[in-house]
file query.pdb (PDB, C-alpha atoms)
MODEL        1
ATOM      1  CA  MET A   1     -27.894 -12.815  -5.609  1.00  0.00           C
ATOM      2  CA  SER A   2     -26.784 -14.468  -8.812  1.00  0.00           C
ATOM      3  CA  ASP A   3     -25.023 -17.826  -9.019  1.00  0.00           C
ATOM      4  CA  ALA A   4     -23.513 -16.844 -12.365  1.00  0.00           C
ATOM      5  CA  ALA A   5     -20.024 -18.201 -12.921  1.00  0.00           C
ATOM      6  CA  PHE A   6     -17.249 -15.686 -13.343  1.00  0.00           C
ATOM      7  CA  SER A   7     -16.347 -14.748 -16.887  1.00  0.00           C
ATOM      8  CA  ILE A   8     -13.674 -12.431 -18.262  1.00  0.00           C
ATOM      9  CA  ARG A   9     -13.211 -11.771 -21.953  1.00  0.00           C
ATOM     10  CA  GLN A  10     -12.109  -9.208 -24.463  1.00  0.00           C
ATOM     11  CA  GLY A  11     -14.709  -6.750 -25.734  1.00  0.00           C
ATOM     12  CA  ALA A  12     -15.109  -5.053 -29.086  1.00  0.00           C
ATOM     13  CA  HIS A  13     -11.551  -3.756 -29.161  1.00  0.00           C
ATOM     14  CA  ALA A  14      -8.226  -4.869 -27.723  1.00  0.00           C
ATOM     15  CA  GLY A  15      -8.277  -2.610 -24.685  1.00  0.00           C
ATOM     16  CA  GLU A  16     -11.841  -3.386 -23.647  1.00  0.00           C
ATOM     17  CA  ILE A  17     -12.418  -6.138 -21.081  1.00  0.00           C
ATOM     18  CA  LEU A  18     -15.763  -7.481 -19.976  1.00  0.00           C
ATOM     19  CA  MET A  19     -16.239  -9.100 -16.572  1.00  0.00           C
ATOM     20  CA  SER A  20     -19.370 -10.850 -15.385  1.00  0.00           C
ATOM     21  CA  GLY A  21     -20.581 -13.155 -12.623  1.00  0.00           C
ATOM     22  CA  ARG A  22     -18.823 -13.555  -9.280  1.00  0.00           C
ATOM     23  CA  LEU A  23     -15.229 -12.431  -8.770  1.00  0.00           C
ATOM     24  CA  ASP A  24     -14.430 -14.263  -5.554  1.00  0.00           C
ATOM     25  CA  ALA A  25     -11.168 -15.642  -4.183  1.00  0.00           C
ATOM     26  CA  SER A  26     -11.422 -18.780  -6.309  1.00  0.00           C
ATOM     27  CA  GLN A  27     -11.441 -16.778  -9.568  1.00  0.00           C
ATOM     28  CA  CYS A  28      -8.777 -14.184  -8.871  1.00  0.00           C
ATOM     29  CA  ASP A  29      -5.752 -16.039 -10.217  1.00  0.00           C
ATOM     30  CA  ALA A  30      -7.502 -16.600 -13.551  1.00  0.00           C
ATOM     31  CA  ALA A  31      -8.731 -13.006 -13.682  1.00  0.00           C
ATOM     32  CA  LEU A  32      -5.280 -11.591 -12.969  1.00  0.00           C
ATOM     33  CA  ALA A  33      -3.642 -13.891 -15.521  1.00  0.00           C
ATOM     34  CA  PHE A  34      -6.125 -12.715 -18.168  1.00  0.00           C
ATOM     35  CA  LEU A  35      -5.604  -9.050 -17.327  1.00  0.00           C
ATOM     36  CA  ASN A  36      -1.821  -9.397 -17.273  1.00  0.00           C
ATOM     37  CA  ALA A  37      -1.975 -10.823 -20.791  1.00  0.00           C
ATOM     38  CA  VAL A  38      -3.679  -7.649 -22.041  1.00  0.00           C
ATOM     39  CA  LYS A  39      -0.878  -5.268 -22.918  1.00  0.00           C
ATOM     40  CA  GLN A  40      -2.786  -2.052 -22.406  1.00  0.00           C
ATOM     41  CA  PRO A  41      -6.243  -2.359 -20.823  1.00  0.00           C
ATOM     42  CA  GLU A  42      -8.289   0.805 -21.334  1.00  0.00           C
ATOM     43  CA  VAL A  43     -11.787  -0.012 -20.135  1.00  0.00           C
ATOM     44  CA  ILE A  44     -13.031  -2.730 -17.806  1.00  0.00           C
ATOM     45  CA  ASP A  45     -16.785  -3.075 -18.202  1.00  0.00           C
ATOM     46  CA  LEU A  46     -18.328  -4.477 -15.014  1.00  0.00           C
ATOM     47  CA  ALA A  47     -21.943  -4.405 -16.211  1.00  0.00           C
ATOM     48  CA  GLY A  48     -22.327  -8.128 -15.682  1.00  0.00           C
ATOM     49  CA  LEU A  49     -20.379  -8.361 -12.446  1.00  0.00           C
ATOM     50  CA  ASP A  50     -22.654  -9.029  -9.501  1.00  0.00           C
ATOM     51  CA  TYR A  51     -20.188  -9.829  -6.715  1.00  0.00           C
ATOM     52  CA  ILE A  52     -16.650  -8.897  -5.798  1.00  0.00           C
ATOM     53  CA  ALA A  53     -14.608  -9.872  -2.734  1.00  0.00           C
ATOM     54  CA  SER A  54     -11.438  -8.274  -1.400  1.00  0.00           C
ATOM     55  CA  ALA A  55      -9.409 -10.696  -3.516  1.00  0.00           C
ATOM     56  CA  GLY A  56     -11.145  -9.207  -6.567  1.00  0.00           C
ATOM     57  CA  LEU A  57     -10.360  -5.687  -5.396  1.00  0.00           C
ATOM     58  CA  ARG A  58      -6.734  -6.729  -5.228  1.00  0.00           C
ATOM     59  CA  VAL A  59      -6.856  -7.866  -8.873  1.00  0.00           C
ATOM     60  CA  ILE A  60      -8.391  -4.557  -9.944  1.00  0.00           C
ATOM     61  CA  LEU A  61      -5.864  -2.503  -7.994  1.00  0.00           C
ATOM     62  CA  MET A  62      -2.883  -4.484  -9.290  1.00  0.00           C
ATOM     63  CA  THR A  63      -4.087  -3.959 -12.865  1.00  0.00           C
ATOM     64  CA  VAL A  64      -4.646  -0.244 -12.439  1.00  0.00           C
ATOM     65  CA  LYS A  65      -1.233   0.146 -10.797  1.00  0.00           C
ATOM     66  CA  ARG A  66       0.416  -1.705 -13.674  1.00  0.00           C
ATOM     67  CA  CYS A  67      -1.273   0.526 -16.249  1.00  0.00           C
ATOM     68  CA  ASN A  68      -0.454   3.620 -14.236  1.00  0.00           C
ATOM     69  CA  ALA A  69       3.195   2.608 -14.183  1.00  0.00           C
ATOM     70  CA  GLN A  70       3.020   2.237 -17.978  1.00  0.00           C
ATOM     71  CA  GLY A  71       1.628   5.744 -18.250  1.00  0.00           C
ATOM     72  CA  SER A  72      -1.826   4.638 -19.388  1.00  0.00           C
ATOM     73  CA  GLY A  73      -5.121   4.744 -17.510  1.00  0.00           C
ATOM     74  CA  VAL A  74      -7.916   2.234 -17.019  1.00  0.00           C
ATOM     75  CA  ARG A  75     -11.564   3.119 -16.580  1.00  0.00           C
ATOM     76  CA  LEU A  76     -14.038   0.938 -14.707  1.00  0.00           C
ATOM     77  CA  ILE A  77     -17.497   1.375 -16.201  1.00  0.00           C
ATOM     78  CA  ASN A  78     -21.069   0.196 -15.613  1.00  0.00           C
ATOM     79  CA  VAL A  79     -20.502  -0.559 -11.925  1.00  0.00           C
ATOM     80  CA  CYS A  80     -23.723  -1.621 -10.179  1.00  0.00           C
ATOM     81  CA  ALA A  81     -24.679   0.082  -6.914  1.00  0.00           C
ATOM     82  CA  PRO A  82     -23.713  -2.685  -4.433  1.00  0.00           C
ATOM     83  CA  ILE A  83     -20.274  -3.080  -6.018  1.00  0.00           C
ATOM     84  CA  TYR A  84     -19.829   0.690  -6.184  1.00  0.00           C
ATOM     85  CA  ASP A  85     -20.515   0.737  -2.435  1.00  0.00           C
ATOM     86  CA  ILE A  86     -17.674  -1.751  -1.905  1.00  0.00           C
ATOM     87  CA  PHE A  87     -15.357   0.376  -4.068  1.00  0.00           C
ATOM     88  CA  HIS A  88     -16.367   3.361  -1.971  1.00  0.00           C
ATOM     89  CA  TYR A  89     -15.732   1.610   1.360  1.00  0.00           C
ATOM     90  CA  ALA A  90     -12.308   0.557   0.061  1.00  0.00           C
ATOM     91  CA  GLY A  91     -11.530   4.139  -1.006  1.00  0.00           C
ATOM     92  CA  PHE A  92     -11.251   3.119  -4.657  1.00  0.00           C
ATOM     93  CA  ASP A  93     -13.612   5.905  -5.724  1.00  0.00           C
ATOM     94  CA  GLN A  94     -10.904   8.371  -4.655  1.00  0.00           C
ATOM     95  CA  ILE A  95      -8.063   6.879  -6.681  1.00  0.00           C
ATOM     96  CA  LEU A  96      -9.675   5.089  -9.659  1.00  0.00           C
ATOM     97  CA  ASP A  97     -11.759   6.260 -12.618  1.00  0.00           C
ATOM     98  CA  ILE A  98     -15.118   4.604 -11.907  1.00  0.00           C
ATOM     99  CA  SER A  99     -18.492   5.130 -13.597  1.00  0.00           C
ATOM    100  CA  ARG A 100     -21.713   3.777 -12.167  1.00  0.00           C
ATOM    101  CA  ALA A 101     -24.233   1.767 -14.152  1.00  0.00           C
ATOM    102  CA  ALA A 102     -27.155   3.784 -15.474  1.00  0.00           C
ATOM    103  CA  ASN A 103     -29.593   2.464 -12.847  1.00  0.00           C
TER
ATOM    104  CA  MET B   1     -37.205 -16.153  12.685  1.00  0.00           C
ATOM    105  CA  SER B   2     -35.121 -17.972  10.100  1.00  0.00           C
ATOM    106  CA  GLU B   3     -31.928 -19.862  10.895  1.00  0.00           C
ATOM    107  CA  ARG B   4     -29.521 -22.133   9.028  1.00  0.00           C
ATOM    108  CA  HIS B   5     -26.250 -23.916   9.748  1.00  0.00           C
ATOM    109  CA  VAL B   6     -23.526 -25.490   7.665  1.00  0.00           C
ATOM    110  CA  SER B   7     -20.235 -27.168   8.512  1.00  0.00           C
ATOM    111  CA  VAL B   8     -17.301 -27.484   6.102  1.00  0.00           C
ATOM    112  CA  PRO B   9     -13.576 -28.234   6.210  1.00  0.00           C
ATOM    113  CA  GLY B  10     -11.436 -25.107   6.139  1.00  0.00           C
ATOM    114  CA  HIS B  11     -10.286 -25.582   2.584  1.00  0.00           C
ATOM    115  CA  ALA B  12     -10.617 -23.001  -0.199  1.00  0.00           C
ATOM    116  CA  SER B  13     -12.513 -25.489  -2.363  1.00  0.00           C
ATOM    117  CA  GLN B  14     -15.434 -25.233   0.090  1.00  0.00           C
ATOM    118  CA  LEU B  15     -16.136 -21.585  -0.722  1.00  0.00           C
ATOM    119  CA  GLY B  16     -18.793 -22.593  -3.250  1.00  0.00           C
ATOM    120  CA  VAL B  17     -20.608 -24.643  -0.581  1.00  0.00           C
ATOM    121  CA  LEU B  18     -20.815 -21.546   1.605  1.00  0.00           C
ATOM    122  CA  VAL B  19     -22.088 -19.430  -1.282  1.00  0.00           C
ATOM    123  CA  ARG B  20     -24.865 -21.935  -1.943  1.00  0.00           C
ATOM    124  CA  PHE B  21     -25.657 -21.980   1.783  1.00  0.00           C
ATOM    125  CA  LEU B  22     -26.142 -18.205   1.730  1.00  0.00           C
ATOM    126  CA  HIS B  23     -28.224 -18.280  -1.429  1.00  0.00           C
ATOM    127  CA  GLU B  24     -30.536 -20.850   0.096  1.00  0.00           C
ATOM    128  CA  PHE B  25     -30.910 -18.611   3.107  1.00  0.00           C
ATOM    129  CA  TRP B  26     -31.730 -15.594   0.941  1.00  0.00           C
ATOM    130  CA  SER B  27     -34.426 -17.580  -0.822  1.00  0.00           C
ATOM    131  CA  ASP B  28     -36.214 -17.954   2.530  1.00  0.00           C
ATOM    132  CA  ALA B  29     -35.416 -14.608   4.136  1.00  0.00           C
ATOM    133  CA  LYS B  30     -35.800 -11.824   1.606  1.00  0.00           C
ATOM    134  CA  VAL B  31     -33.148  -9.178   2.137  1.00  0.00           C
ATOM    135  CA  PRO B  32     -31.950  -6.303  -0.066  1.00  0.00           C
ATOM    136  CA  GLN B  33     -29.315  -7.234  -2.657  1.00  0.00           C
ATOM    137  CA  ALA B  34     -26.756  -4.913  -1.075  1.00  0.00           C
ATOM    138  CA  THR B  35     -27.221  -6.588   2.316  1.00  0.00           C
ATOM    139  CA  ALA B  36     -26.917 -10.034   0.775  1.00  0.00           C
ATOM    140  CA  MET B  37     -23.648  -9.018  -0.884  1.00  0.00           C
ATOM    141  CA  THR B  38     -22.386  -7.601   2.410  1.00  0.00           C
ATOM    142  CA  PHE B  39     -22.870 -10.958   4.119  1.00  0.00           C
ATOM    143  CA  GLU B  40     -21.411 -12.891   1.211  1.00  0.00           C
ATOM    144  CA  LEU B  41     -18.313 -10.745   1.326  1.00  0.00           C
ATOM    145  CA  ALA B  42     -18.043 -10.968   5.120  1.00  0.00           C
ATOM    146  CA  LEU B  43     -18.396 -14.751   5.094  1.00  0.00           C
ATOM    147  CA  GLU B  44     -15.853 -15.157   2.293  1.00  0.00           C
ATOM    148  CA  GLU B  45     -13.309 -12.937   4.054  1.00  0.00           C
ATOM    149  CA  ALA B  46     -13.760 -14.726   7.381  1.00  0.00           C
ATOM    150  CA  PHE B  47     -13.608 -18.155   5.772  1.00  0.00           C
ATOM    151  CA  MET B  48     -10.513 -17.373   3.705  1.00  0.00           C
ATOM    152  CA  ASN B  49      -8.812 -16.132   6.859  1.00  0.00           C
ATOM    153  CA  VAL B  50      -9.471 -19.517   8.445  1.00  0.00           C
ATOM    154  CA  VAL B  51      -8.129 -21.216   5.319  1.00  0.00           C
ATOM    155  CA  MET B  52      -4.950 -19.135   5.483  1.00  0.00           C
ATOM    156  CA  HIS B  53      -4.402 -18.920   9.230  1.00  0.00           C
ATOM    157  CA  GLY B  54      -6.511 -21.629  10.800  1.00  0.00           C
ATOM    158  CA  SER B  55      -5.154 -24.833   9.337  1.00  0.00           C
ATOM    159  CA  PRO B  56      -1.764 -25.988  10.600  1.00  0.00           C
ATOM    160  CA  THR B  57       0.090 -28.249   8.210  1.00  0.00           C
ATOM    161  CA  ASP B  58      -1.003 -31.513   9.837  1.00  0.00           C
ATOM    162  CA  ARG B  59      -4.757 -30.934   9.831  1.00  0.00           C
ATOM    163  CA  VAL B  60      -7.541 -28.881   8.276  1.00  0.00           C
ATOM    164  CA  ALA B  61      -9.724 -26.793  10.571  1.00  0.00           C
ATOM    165  CA  ARG B  62     -13.454 -27.466  10.797  1.00  0.00           C
ATOM    166  CA  VAL B  63     -15.585 -24.416  10.105  1.00  0.00           C
ATOM    167  CA  ASP B  64     -19.159 -24.074  11.377  1.00  0.00           C
ATOM    168  CA  VAL B  65     -21.311 -21.278  10.015  1.00  0.00           C
ATOM    169  CA  SER B  66     -24.705 -20.181  11.232  1.00  0.00           C
ATOM    170  CA  LEU B  67     -26.908 -17.410   9.940  1.00  0.00           C
ATOM    171  CA  ALA B  68     -30.074 -16.205  11.639  1.00  0.00           C
ATOM    172  CA  ILE B  69     -32.475 -13.350  11.206  1.00  0.00           C
ATOM    173  CA  VAL B  70     -34.403 -12.290  14.289  1.00  0.00           C
ATOM    174  CA  ASP B  71     -36.519  -9.138  14.532  1.00  0.00           C
ATOM    175  CA  GLY B  72     -34.895  -7.620  11.449  1.00  0.00           C
ATOM    176  CA  GLU B  73     -31.352  -8.302  12.603  1.00  0.00           C
ATOM    177  CA  LEU B  74     -29.068 -10.682  10.716  1.00  0.00           C
ATOM    178  CA  THR B  75     -26.407 -12.499  12.716  1.00  0.00           C
ATOM    179  CA  LEU B  76     -23.601 -14.472  11.080  1.00  0.00           C
ATOM    180  CA  ILE B  77     -21.425 -16.647  13.298  1.00  0.00           C
ATOM    181  CA  ILE B  78     -18.295 -18.384  12.042  1.00  0.00           C
ATOM    182  CA  GLU B  79     -16.515 -20.818  14.363  1.00  0.00           C
ATOM    183  CA  ASP B  80     -13.422 -22.882  13.700  1.00  0.00           C
ATOM    184  CA  ASP B  81     -11.264 -25.254  15.706  1.00  0.00           C
ATOM    185  CA  GLY B  82      -7.971 -23.863  14.425  1.00  0.00           C
ATOM    186  CA  PRO B  83      -5.294 -22.169  16.513  1.00  0.00           C
ATOM    187  CA  PRO B  84      -6.191 -18.848  18.156  1.00  0.00           C
ATOM    188  CA  PHE B  85      -6.522 -16.147  15.518  1.00  0.00           C
ATOM    189  CA  ASP B  86      -8.258 -12.816  16.018  1.00  0.00           C
ATOM    190  CA  PRO B  87      -8.744 -11.217  12.582  1.00  0.00           C
ATOM    191  CA  LEU B  88      -9.753  -7.953  14.238  1.00  0.00           C
ATOM    192  CA  THR B  89      -6.121  -7.427  15.243  1.00  0.00           C
ATOM    193  CA  LEU B  90      -4.994  -7.213  11.609  1.00  0.00           C
ATOM    194  CA  ALA B  91      -3.585  -3.851  10.561  1.00  0.00           C
ATOM    195  CA  THR B  92      -6.011  -1.346   9.089  1.00  0.00           C
ATOM    196  CA  PRO B  93      -5.144  -0.368   5.501  1.00  0.00           C
ATOM    197  CA  ASN B  94      -4.599   3.281   4.675  1.00  0.00           C
ATOM    198  CA  ILE B  95      -7.443   3.931   2.251  1.00  0.00           C
ATOM    199  CA  SER B  96      -6.467   7.601   1.974  1.00  0.00           C
ATOM    200  CA  ALA B  97      -3.159   6.785   0.303  1.00  0.00           C
ATOM    201  CA  ASN B  98      -2.800   7.816  -3.336  1.00  0.00           C
ATOM    202  CA  LEU B  99      -2.661   5.203  -6.075  1.00  0.00           C
ATOM    203  CA  ASP B 100       1.124   4.865  -6.104  1.00  0.00           C
ATOM    204  CA  GLU B 101       1.344   4.455  -2.339  1.00  0.00           C
ATOM    205  CA  ARG B 102      -1.725   2.303  -1.967  1.00  0.00           C
ATOM    206  CA  ARG B 103      -0.909  -1.246  -0.897  1.00  0.00           C
ATOM    207  CA  VAL B 104      -2.756  -4.094  -2.586  1.00  0.00           C
ATOM    208  CA  GLY B 105      -4.513  -6.506  -0.247  1.00  0.00           C
ATOM    209  CA  GLY B 106      -5.426  -6.249   3.404  1.00  0.00           C
ATOM    210  CA  LEU B 107      -8.956  -5.033   2.708  1.00  0.00           C
ATOM    211  CA  GLY B 108     -11.012  -8.063   3.709  1.00  0.00           C
ATOM    212  CA  VAL B 109     -11.412  -7.548   7.445  1.00  0.00           C
ATOM    213  CA  PHE B 110     -11.489  -3.783   6.969  1.00  0.00           C
ATOM    214  CA  LEU B 111     -14.504  -4.113   4.636  1.00  0.00           C
ATOM    215  CA  MET B 112     -16.157  -6.576   6.994  1.00  0.00           C
ATOM    216  CA  ARG B 113     -15.957  -4.065   9.835  1.00  0.00           C
ATOM    217  CA  LYS B 114     -17.097  -1.191   7.621  1.00  0.00           C
ATOM    218  CA  MET B 115     -20.150  -2.998   6.311  1.00  0.00           C
ATOM    219  CA  MET B 116     -21.404  -4.650   9.477  1.00  0.00           C
ATOM    220  CA  ASP B 117     -23.039  -2.917  12.429  1.00  0.00           C
ATOM    221  CA  ASN B 118     -21.064  -5.006  14.886  1.00  0.00           C
ATOM    222  CA  VAL B 119     -18.181  -7.496  14.600  1.00  0.00           C
ATOM    223  CA  ARG B 120     -16.868  -9.397  17.616  1.00  0.00           C
ATOM    224  CA  TYR B 121     -14.219 -12.039  18.096  1.00  0.00           C
ATOM    225  CA  GLN B 122     -13.846 -14.357  21.045  1.00  0.00           C
ATOM    226  CA  ARG B 123     -11.873 -17.482  21.827  1.00  0.00           C
ATOM    227  CA  LEU B 124     -14.195 -20.147  23.226  1.00  0.00           C
ATOM    228  CA  GLU B 125     -12.139 -22.943  24.762  1.00  0.00           C
ATOM    229  CA  SER B 126     -10.460 -24.457  21.688  1.00  0.00           C
ATOM    230  CA  ARG B 127     -12.463 -22.549  19.090  1.00  0.00           C
ATOM    231  CA  ASN B 128     -12.377 -19.165  17.400  1.00  0.00           C
ATOM    232  CA  GLN B 129     -15.721 -17.441  17.098  1.00  0.00           C
ATOM    233  CA  LEU B 130     -16.392 -14.447  14.878  1.00  0.00           C
ATOM    234  CA  GLN B 131     -19.829 -12.884  15.172  1.00  0.00           C
ATOM    235  CA  MET B 132     -21.187 -10.275  12.779  1.00  0.00           C
ATOM    236  CA  ILE B 133     -24.466  -8.442  13.127  1.00  0.00           C
ATOM    237  CA  LYS B 134     -26.310  -6.106  10.803  1.00  0.00           C
ATOM    238  CA  ARG B 135     -29.796  -4.655  10.876  1.00  0.00           C
ATOM    239  CA  VAL B 136     -31.571  -5.521   7.647  1.00  0.00           C
ATOM    240  CA  GLY B 137     -33.613  -3.122   5.567  1.00  0.00           C
ATOM    241  CA  ASN B 138     -36.631  -3.924   3.457  1.00  0.00           C
ATOM    242  CA  ALA B 139     -36.092  -6.323   0.519  1.00  0.00           C
ATOM    243  CA  ASP B 140     -37.706  -3.750  -1.773  1.00  0.00           C
ATOM    244  CA  GLU B 141     -34.956  -1.208  -1.098  1.00  0.00           C
TER
ENDMDL
END
call {"tool": "encode", "arguments": {"input": "query.pdb", "output": "structure tokens"}}
result
Amino acid sequence: MSDAAFSIRQGAHAGEILMSGRLDASQCDAALAFLNAVKQPEVIDLAGLDYIASAGLRVILMTVKRCNAQGSGVRLINVCAPIYDIFHYAGFDQILDISRAAN
Amino acid sequence: MSERHVSVPGHASQLGVLVRFLHEFWSDAKVPQATAMTFELALEEAFMNVVMHGSPTDRVARVDVSLAIVDGELTLIIEDDGPPFDPLTLATPNISANLDERRVGGLGVFLMRKMMDNVRYQRLESRNQLQMIKRVGNADE
């Protein structure tokens, strides 16, 4: 497992957000604050994310709910297999737009 | 057989110590990445429950963690000296609810139970003990 610190930043366009590292309980307030400052997130790229805890799932779900209430959608892309498994166990694959990483 | 122990105060700032403890264990006992993440998640959820429920205002609980692999079976034991708290009694979230009805939060213990082969709680004198067991696959998986 990676020790990479959590990072969240804007991607190539305003609605693209890149997350990487470990989204554990200690990082969730910062992650949610960043996401809440993005008016209309469209894509959250999780290619660099190598760990997520239930506190991180809460951040994701709150963001998707907010966008849904605004009438927009958010896609989660490049999700690695272990994190996809966690999304699956939590039932997120049934209610969110999630794409797996290529391998 | 490989076995390690660590003891920390039940404060959220100690989460990083526990992560490093697990990573040191993984460096000795090679396990698949998915299994490693399962145990990291389970330990974080259990520890954060102690942080939230196990520390009355006048003191901080002590948390002892041990991890052992014996005959292909990983066992994680988390003990604390906080007040009695059985996380397995927490309500199960409805993961079949649609997005609008889905409640945020409440997934930690649910995921722990989903991802482990066996999770048990017991009160041992003045301590809570949570034991989680999972059979480990090959590190090349």
call {"tool": "residues_around", "arguments": {"input": "query.pdb", "residues": "Phe85 (chain B)", "least_positions_apart": "4", "cutoff": "9 Å", "atoms": "only C-alpha atoms", "output": "ChimeraX atom specification"}}
result
/B:49-50,53-54,89,123,128
call {"tool": "write_last_selection", "arguments": {"input": "query.pdb", "atoms": "C-alpha atoms", "output": "mmCIF file, in the coordinates of the input"}}
result
data_model
loop_
_atom_site.group_PDB
_atom_site.id
_atom_site.type_symbol
_atom_site.label_atom_id
_atom_site.label_comp_id
_atom_site.auth_asym_id
_atom_site.auth_seq_id
_atom_site.Cartn_x
_atom_site.Cartn_y
_atom_site.Cartn_z
ATOM 1 C CA ASN B 49 -8.812 -16.132 6.859
ATOM 2 C CA VAL B 50 -9.471 -19.517 8.445
ATOM 3 C CA HIS B 53 -4.402 -18.920 9.230
ATOM 4 C CA GLY B 54 -6.511 -21.629 10.800
ATOM 5 C CA THR B 89 -6.121 -7.427 15.243
ATOM 6 C CA ARG B 123 -11.873 -17.482 21.827
ATOM 7 C CA ASN B 128 -12.377 -19.165 17.400
#
call {"tool": "interface_residues", "arguments": {"input": "query.pdb", "of": "chain A", "to": "chain B", "cutoff": "12 Å", "atoms": "all atoms listed in the file", "output": "VMD selection string"}}
result
chain A and resid 1 to 5 22 to 27 50 to 69 73 80 to 97
call {"tool": "atom_distance", "arguments": {"input": "query.pdb", "atom1": "CA of Ala47 (chain A)", "atom2": "CA of Gly15 (chain A)"}}
result
16.2 Å
call {"tool": "resolve_selection", "arguments": {"input": "query.pdb", "expression": "the PyMOL selection byres ((chain B and resi 125) around 12)", "output": "PyMOL selection string"}}
result
chain B and resi 79-84+122-124+126-129
call {"tool": "atom_distance", "arguments": {"input": "query.pdb", "atom1": "CA of Ser20 (chain A)", "atom2": "CA of Ser66 (chain B)"}}
result
28.7 Å
call {"tool": "closest_residue", "arguments": {"input": "query.pdb", "among": "B:Met116, B:Met52, B:Val8, B:Ala46", "to": "Leu130 (chain B)", "atoms": "only C-alpha atoms"}}
result
B:Ala46
call {"tool": "axis_aligned_box", "arguments": {"input": "query.pdb", "around": "region 26-32 of chain A", "padding_each_side": "8 Å", "output": "JSON"}}
result
{"center_x": -8.4, "center_y": -15.2, "center_z": -10.0, "size_x": 22.2, "size_y": 23.2, "size_z": 23.4}
call {"tool": "resolve_selection", "arguments": {"input": "query.pdb", "expression": "the PyMOL selection byres ((chain B and resi 131) around 8)", "output": "ChimeraX atom specification"}}
result
/B:75-78,118-121,129-130,132-133
call {"tool": "atom_distance", "arguments": {"input": "query.pdb", "atom1": "CA of Gly48 (chain A)", "atom2": "CA of His11 (chain B)"}}
result
28.0 Å
call {"tool": "residues_around", "arguments": {"input": "query.pdb", "residues": "Gln10 (chain A)", "least_positions_apart": "5", "cutoff": "10 Å", "atoms": "only C-alpha atoms", "output": "MDAnalysis selection string"}}
result
chainID A and resid 15:19 34:35 38 41 44:45
call {"tool": "residues_near_point", "arguments": {"input": "query.pdb", "point": "(-31.4, -10.0, 7.1)", "cutoff": "10 Å", "atoms": "only C-alpha atoms", "output": "list in words"}}
result
Ser2, Phe25, Trp26, Ala29, Lys30, Val31, Pro32, Thr35, Ala36, Phe39, Leu67, Ala68, Ile69, Val70, Asp71, Gly72, Glu73, Leu74, Thr75, Leu76, Ile133, Lys134, Arg135, Val136, Gly137, Asn138 and Ala139 of chain B
